[in-house]
Amino acid sequence: MSNEASASRGRALVVLVPYLWLLFFFLVPFLIVFKISLSDDVLAQPPYAPVLDLSAGWDGIREFVAALDFENYAFVLGDSLYVQSYLQSLGIAAFSTLILILIGFPIAYGMARSPRSWRPLLLMLVILPFWTSFLIRVYAWMGILAREGLVNQVLVGTGILSQPVEILATNSAVVLGIVYSYLPFMVLPLYAALDRLDESLLEAAADLGAPPWKSFWLITFPLAMPGLIAGSLLCFIPAVGEFVIPDLLGGSDTLMIGRTLWTEFFSNRSWSIASVIAVFLLIVLVVPMVLYQNLQARSLEAGK
Amino acid sequence: MNVALDREQKPANGTRQEFAPWKDPSQRPLVRFEGVTKRFGEVTAVDGLSLGIYEREFFALLGPSGCGKTTLMRMLAGFEEPTKGRVLLGEQDLAGVPPYRRPVNMMFQSYALFPHMSVRDNVAFGLKQDRLPKSEIAARVAEVLRLVKLSGFERRKPDQLSGGQRQRVALARSLVKRPKVLLLDEPLAALDKKLREETQFELMELQSSLGMTFMMVTHDQEEAMAVADRIAVMNHGCIVQMGTPAEIYEQPATRYVADFIGDVNLIEAKVTARDGRNVVMQSGIIAAPLRAASDAEVAVGADVALALRPEKVKITVRKPADATENFTRGTVAGIAYLGDFSIFQVRLESGQVFKAARPNVTRFTDQPITWDDRVFLSWSPEAGVVLTQ
Ligand SMILES: Nc1ncnc2c1ncn2[C@@H]1O[C@H](COP(=O)(O)OP(=O)(O)OP(=O)(O)O)[C@@H](O)[C@H]1O
Ligand SMILES: [Mg+2]
C-alpha cells in the first residue's frame with residue numbers, strides 16, 4: 001500500500017519536473033512579454049509604462065491594469081511593414097523547408113539503405129557541422145557568396161558568366177543559409193523513421209505486384225511521414241523566427257520577422273512593439289500546430 | 001498419435017481420381033529447382049537441391065529450424081538469387097525476373113503486414129496493383145476475409161489484432177490474388193488446434209477448387225501429413241527424402257527421417273543373414289533375433305537400424321505363443337493416455353525405453369496394464385523398416 005503510494009508520488013514528481021520547467025522558463029517569461037506588449041513606450045528606464053508597483057496596494061494594481069491596452073496590437077496590424085515581415089518570413093521558411101525535404105529525404109533514404117556497418121560513420125558526418133560554431137559557418141557563407149567570393153570566381157573563371165552576379169544580400173542567399181544550417185534537423189528524424197522501416201514490407205509489396213517506385217510511394221513514404229512532419233516542424237518553426245541568417249546573408253529588402261523584432265527592440269528601443277511582434281509570432285506558429293495535433297488525435301480515434 | 005492419411009485420392013471436378021503426376025514420366029513439373037545452391041557468405045543455406053512440384057500439387061516442406069526452407073521459398077518468390085543452379089516456372093527460367101513480375105505469391109513467416117493500412121487495404125493491396133475494378137476488389141476481399149473468419153475486422157489496423165488474427169490477414173492477403181503458385185511459410189503456426197484444422201481444410205478445398213499449386217513450410221508434421229500430396233524432409237539445405245505422407249511415414253529412408261516424422265523406436269543391429277525377402281539381425285539390446293521384410297540391399301555383417309512405429313508394437317502380459325523372434329521383455333515405466341490411444345513407455349532389461357501404442361477400443365479392459373507391470377513387446381516381420389543410413 002505505502003509502496004504504491006510512494007510509487008505514484010514518484011510518478012507525479014517525474015511528470016511535475018518538466019511542467020515546472022515550462023512554467024518558470026516559458027510561461028512566466030511569456031506573461032512578462034505579454035504584459036509589456038500591452039504597455040506604452042516612454043523615455044525612461046525601463047522604457048515602458050506602467051510599471052507594476054505593489055507597494056501601492058490594491059489601488060496600485062487597479063491603476064496598473066487600467067493603463068494596459070491593446071493599441072500596440074492595432075498599430076502592428078495596421079502597418080503593412082509588419083504584416084509583410086510575417087508573410088515574407090512564412091514564405092521563406094516554407095520554401096526553405098520544401099527544399100530541405102527535397103534534399104534531406106534522399107540523404108536519409110540513402111543512409112537507411114546503406115550497409116549497416118557504414119551507418120554510424122554517415123550519421124557522424126551529418127552531425128559533424130555542429131562542432132563548428134553556427135555563426136562562423138554563416139560568416140563563411142558570406143565569403144563564399146560575396147561579389148568577389150568563391151562562387152562568382154568560379155562562375156566567371158570558367159566563362160559561364162561574363163560578370164559576377166549578386167548572390168549575397170538576396171532572399172536566395174537566406175534560403176541557402178537556412179537549408180545549409182538546418183539540414184541535420186531534417187535528415188535525423190527522417191533517418192530515424194526510415195531506419196525503423198521493416199525491409200520485409202517492401203518485399204511483401206513487391207510480391208503482391210508493386211514495382212519499386214510504387215512500393216516507395218505506398219509503403220516507404222507513408223511510413224516515413226512521422227519523421228517528415230517532425231523534421232519539417234523542427235526546421236520551419238525556428239526558420240520563421242530566424243535572425244542571424246537573414247541579418248548576415250539577406251539584403252535590405254529581406255524583411256524577416258526576427259530582424260524586424262531586433263530593429264524594434266535595439267534600434268527603436270520600442271519594447272512594447274517588439275513584444276507585440278513576439279506574441280503574434282507565437283500565435284502564428286502555435287495555432288497551426290495545435291490544429292494539426294487535433295487532426296492527428298482524431299484520425300487515431302477513427303482507426304479504433 | 002500420428003495417423004498417416006492416404007491422400008492419393010483427390011477430388012477434382014467432382015470425380016475422385018488418383019493424383020500422382022510424379023509417377024507419370026510424360027508430366028513436367030510446374031516448378032523446378034535444378035541443382036540450386038544458396039550461400040550467405042560462409043553459410044550454405046541451400047545445398048545443390050533439385051526438386052519438382054507439379055501443377056495442382058499441395059507440397060509440404062518439413063525440416064528443423066535453419067535448414068533452408070524459407071530460403072528455398074524466397075528464391076522462388078524472387079527475393080534471393082541462387083548462387084548456383086536454376087529455378088524454373090513452367091518452361092521459364094526465373095533468373096533476373098523481379099518479384100513483382102512473378103505469378104507467385106508468398107505468405108511471409110513474419111507476416112509483413114503493412115502497419116499503416118487497415119485489414120481491408122492490406123488484403124486489397126495486391127488486387128489494386130492488378131487494376132481490377134473496385135467492385136470486384138471489394139467482393140474478393142470480402143470473400144477471402146470470410147474464408148479466414150475475419151469478417152467484421154476490415155477497418156482494424158494490424159496492431160489492433162491478436163497474433164493469430166494477424167496471421168490470418170497475412171494468409172488472406174497472399175490468397176486473394178489466386179496466384180499460380182502460392183508459397184506459405186508456416187501459415188497456421190499461431191492458430192489454435194481447432195481453427196488450424198478448419199483452416200487446413202479450407203486451404204485444401206480452395207486449392208483443389210481453384211486449381212492452385214501450394215508449397216507450404218510447416219513445423220507440424222501432422223499438419224503436413226494431413227494436407228500435403230507430397231512431403232519433402234529437409235536437413236542442412238538438402239532434401240533427405242521426398243514422397244507421399246504414407247511413403248515418408250511407412251518407409252522412411254534414413255534414421256533421420258524416421259526420427260523426424262512421428263514417434264519411432266530405433267534398434268541398432270547387425271545383419272546376420274538374408275532369408276528370402278527377410279533380413280535377420282541381432283541387436284545388443286534385444287536378446288531375440290530380429291526379422292524384418294526388406295527390399296533394401298543389405299550385406300551380411302552390415303550395421304543397420306530397425307525402425308518400429310509404436311502403434312505396430314504389440315504389448316501383452318503373457319508371452320506371445322511360440323515367439324522365437326521379434327519380441328522382448330520389459331517393465332512399464334510410464335503410460336500416456338491420449339484418449340484414442342495410450343502410449344506405454346516400457347523399460348527393457350538393457351535399460352532402453354521402448355514406446356508401444358495401444359488403441360483404447362473399449363472403455364474398460366479386463367486386464368489393464370499398469371505401472372511396473374512386466375510385459376512382453378512383440379511385432380511382426382512386416383512392422384519394422386530396415387534402415388541402412
Ligand atoms: N540474409 C541472410 N544472411 C545470412 N544468413 C542467412 C540469411 N538468410 C538465411 N540465412 C541462414 O541460412 C540458413 C537457412 O535459413 P532459413 O531462413 O531458410 O531457415 P528455415 O528452414 O526457414 O528455418 P525456420 O524453420 O527457423 O524458419 C540459416 O542458417 C540462416 O541463418
Ligand atoms: Mg523459415
# chains A, B, ... in the order shown; residues from 1 in each chain; ligands from 1

call {"tool": "residues_around", "arguments": {"residues": "range 70-81 of chain B", "least_positions_apart": "6", "cutoff": "8 Å", "atoms": "only C-alpha atoms", "output": "list in words"}}
result
Glu203 and Asp207 of chain A; Lys38, Ala45, Val46, Val87, Leu94, Ala95, Gly96, Val97, Pro98, Pro99, Arg102, Val104, Asn105, Met106, Leu183, Asp185 and Val217 of chain B

call {"tool": "select_by_dssp", "arguments": {"residues": "range 157-187 of chain B", "states": "strand (DSSP E)", "output": "PyMOL selection string"}}
result
chain B and resi 181-185

call {"tool": "interface_residues", "arguments": {"of": "chain B", "to": "chain A", "cutoff": "7 Å", "atoms": "only C-alpha atoms", "output": "count of residues only"}}
result
11

call {"tool": "residues_around", "arguments": {"residues": "Ser96 in chain A", "least_positions_apart": "6", "cutoff": "8 Å", "atoms": "only C-alpha atoms", "output": "ChimeraX atom specification"}}
result
/A:175-176,178-179,236

call {"tool": "write_last_selection", "arguments": {"atoms": "all heavy atoms", "output": "mmCIF file, in the first residue's frame"}}
result
data_model
loop_
_atom_site.group_PDB
_atom_site.id
_atom_site.type_symbol
_atom_site.label_atom_id
_atom_site.label_comp_id
_atom_site.auth_asym_id
_atom_site.auth_seq_id
_atom_site.Cartn_x
_atom_site.Cartn_y
_atom_site.Cartn_z
ATOM 1 N N VAL A 175 17.668 31.703 -48.128
ATOM 2 C CA VAL A 175 17.158 30.331 -48.257
ATOM 3 C C VAL A 175 18.318 29.343 -48.217
ATOM 4 O O VAL A 175 18.277 28.332 -47.510
ATOM 5 C CB VAL A 175 16.347 30.178 -49.562
ATOM 6 C CG1 VAL A 175 16.021 28.715 -49.817
ATOM 7 C CG2 VAL A 175 15.079 31.003 -49.496
ATOM 8 N N LEU A 176 19.374 29.668 -48.961
ATOM 9 C CA LEU A 176 20.554 28.802 -48.978
ATOM 10 C C LEU A 176 21.115 28.613 -47.569
ATOM 11 O O LEU A 176 21.411 27.495 -47.142
ATOM 12 C CB LEU A 176 21.618 29.425 -49.895
ATOM 13 C CG LEU A 176 22.822 28.555 -50.165
ATOM 14 C CD1 LEU A 176 22.474 27.529 -51.231
ATOM 15 C CD2 LEU A 176 24.009 29.403 -50.625
ATOM 16 N N ILE A 178 19.581 28.982 -44.709
ATOM 17 C CA ILE A 178 18.670 28.192 -43.861
ATOM 18 C C ILE A 178 18.792 26.710 -44.211
ATOM 19 O O ILE A 178 18.917 25.858 -43.326
ATOM 20 C CB ILE A 178 17.212 28.684 -44.029
ATOM 21 C CG1 ILE A 178 17.069 30.077 -43.428
ATOM 22 C CG2 ILE A 178 16.244 27.717 -43.374
ATOM 23 C CD1 ILE A 178 15.695 30.695 -43.621
ATOM 24 N N VAL A 179 18.775 26.404 -45.502
ATOM 25 C CA VAL A 179 18.862 24.999 -45.918
ATOM 26 C C VAL A 179 20.160 24.386 -45.398
ATOM 27 O O VAL A 179 20.168 23.290 -44.830
ATOM 28 C CB VAL A 179 18.772 24.887 -47.454
ATOM 29 C CG1 VAL A 179 19.151 23.484 -47.907
ATOM 30 C CG2 VAL A 179 17.373 25.232 -47.922
ATOM 31 N N PHE A 236 10.950 24.384 -39.883
ATOM 32 C CA PHE A 236 10.085 25.509 -40.226
ATOM 33 C C PHE A 236 9.970 26.505 -39.073
ATOM 34 O O PHE A 236 10.119 27.714 -39.269
ATOM 35 C CB PHE A 236 8.706 24.979 -40.616
ATOM 36 C CG PHE A 236 7.719 26.043 -40.975
ATOM 37 C CD1 PHE A 236 7.808 26.668 -42.213
ATOM 38 C CD2 PHE A 236 6.726 26.420 -40.099
ATOM 39 C CE1 PHE A 236 6.905 27.655 -42.562
ATOM 40 C CE2 PHE A 236 5.825 27.414 -40.440
ATOM 41 C CZ PHE A 236 5.911 28.029 -41.670
#

call {"tool": "closest_residue", "arguments": {"among": "B:Glu222, B:Asp322, B:Asp47, B:Asp130", "to": "ligand 1", "atoms": "only C-alpha atoms and all ligand atoms"}}
result
B:Asp47

call {"tool": "residues_near_ligand", "arguments": {"ligand": "ligand 2", "cutoff": "12 Å", "atoms": "only C-alpha atoms and all ligand atoms", "output": "number ranges by chain"}}
result
B: 45, 61-74, 107-111, 183-187, 189, 216-219

call {"tool": "write_last_selection", "arguments": {"atoms": "C-alpha atoms", "output": "compact mmCIF listing (two decimals), in the first residue's frame"}}
result
# COMPACT_ATOMS: atom_id res chain seq x y z
CA ALA B 45 21.52 -22.26 -46.64
CA LEU B 61 8.44 -28.82 -46.71
CA LEU B 62 9.41 -30.18 -43.34
CA GLY B 63 12.67 -29.77 -41.55
CA PRO B 64 14.38 -28.42 -38.46
CA SER B 65 14.86 -24.70 -37.87
CA GLY B 66 17.54 -23.17 -40.06
CA CYS B 67 17.61 -25.98 -42.64
CA GLY B 68 16.86 -23.60 -45.52
CA LYS B 69 13.10 -23.85 -46.03
CA THR B 70 12.44 -20.13 -46.08
CA THR B 71 15.47 -19.52 -48.28
CA LEU B 72 14.18 -22.03 -50.81
CA MET B 73 10.84 -20.24 -51.00
CA ARG B 74 12.44 -16.82 -51.21
CA MET B 107 2.87 -15.57 -47.18
CA PHE B 108 5.72 -14.35 -45.01
CA GLN B 109 6.76 -16.15 -41.87
CA SER B 110 6.86 -12.72 -40.17
CA TYR B 111 3.50 -11.77 -41.80
CA LEU B 183 4.11 -20.12 -51.03
CA LEU B 184 3.05 -20.48 -47.43
CA ASP B 185 5.76 -20.08 -44.80
CA GLU B 186 4.29 -21.62 -41.65
CA PRO B 187 0.85 -20.26 -42.39
CA ALA B 189 1.56 -21.84 -36.66
CA MET B 216 3.94 -24.93 -47.65
CA VAL B 217 6.50 -24.88 -44.88
CA THR B 218 5.42 -26.27 -41.57
CA HIS B 219 6.96 -27.45 -38.35

call {"tool": "residues_around", "arguments": {"residues": "Ser151 in chain B", "least_positions_apart": "2", "cutoff": "12 Å", "atoms": "only C-alpha atoms", "output": "PyMOL selection string"}}
result
chain B and resi 119-120+141-149+153-156+165+168-169+172
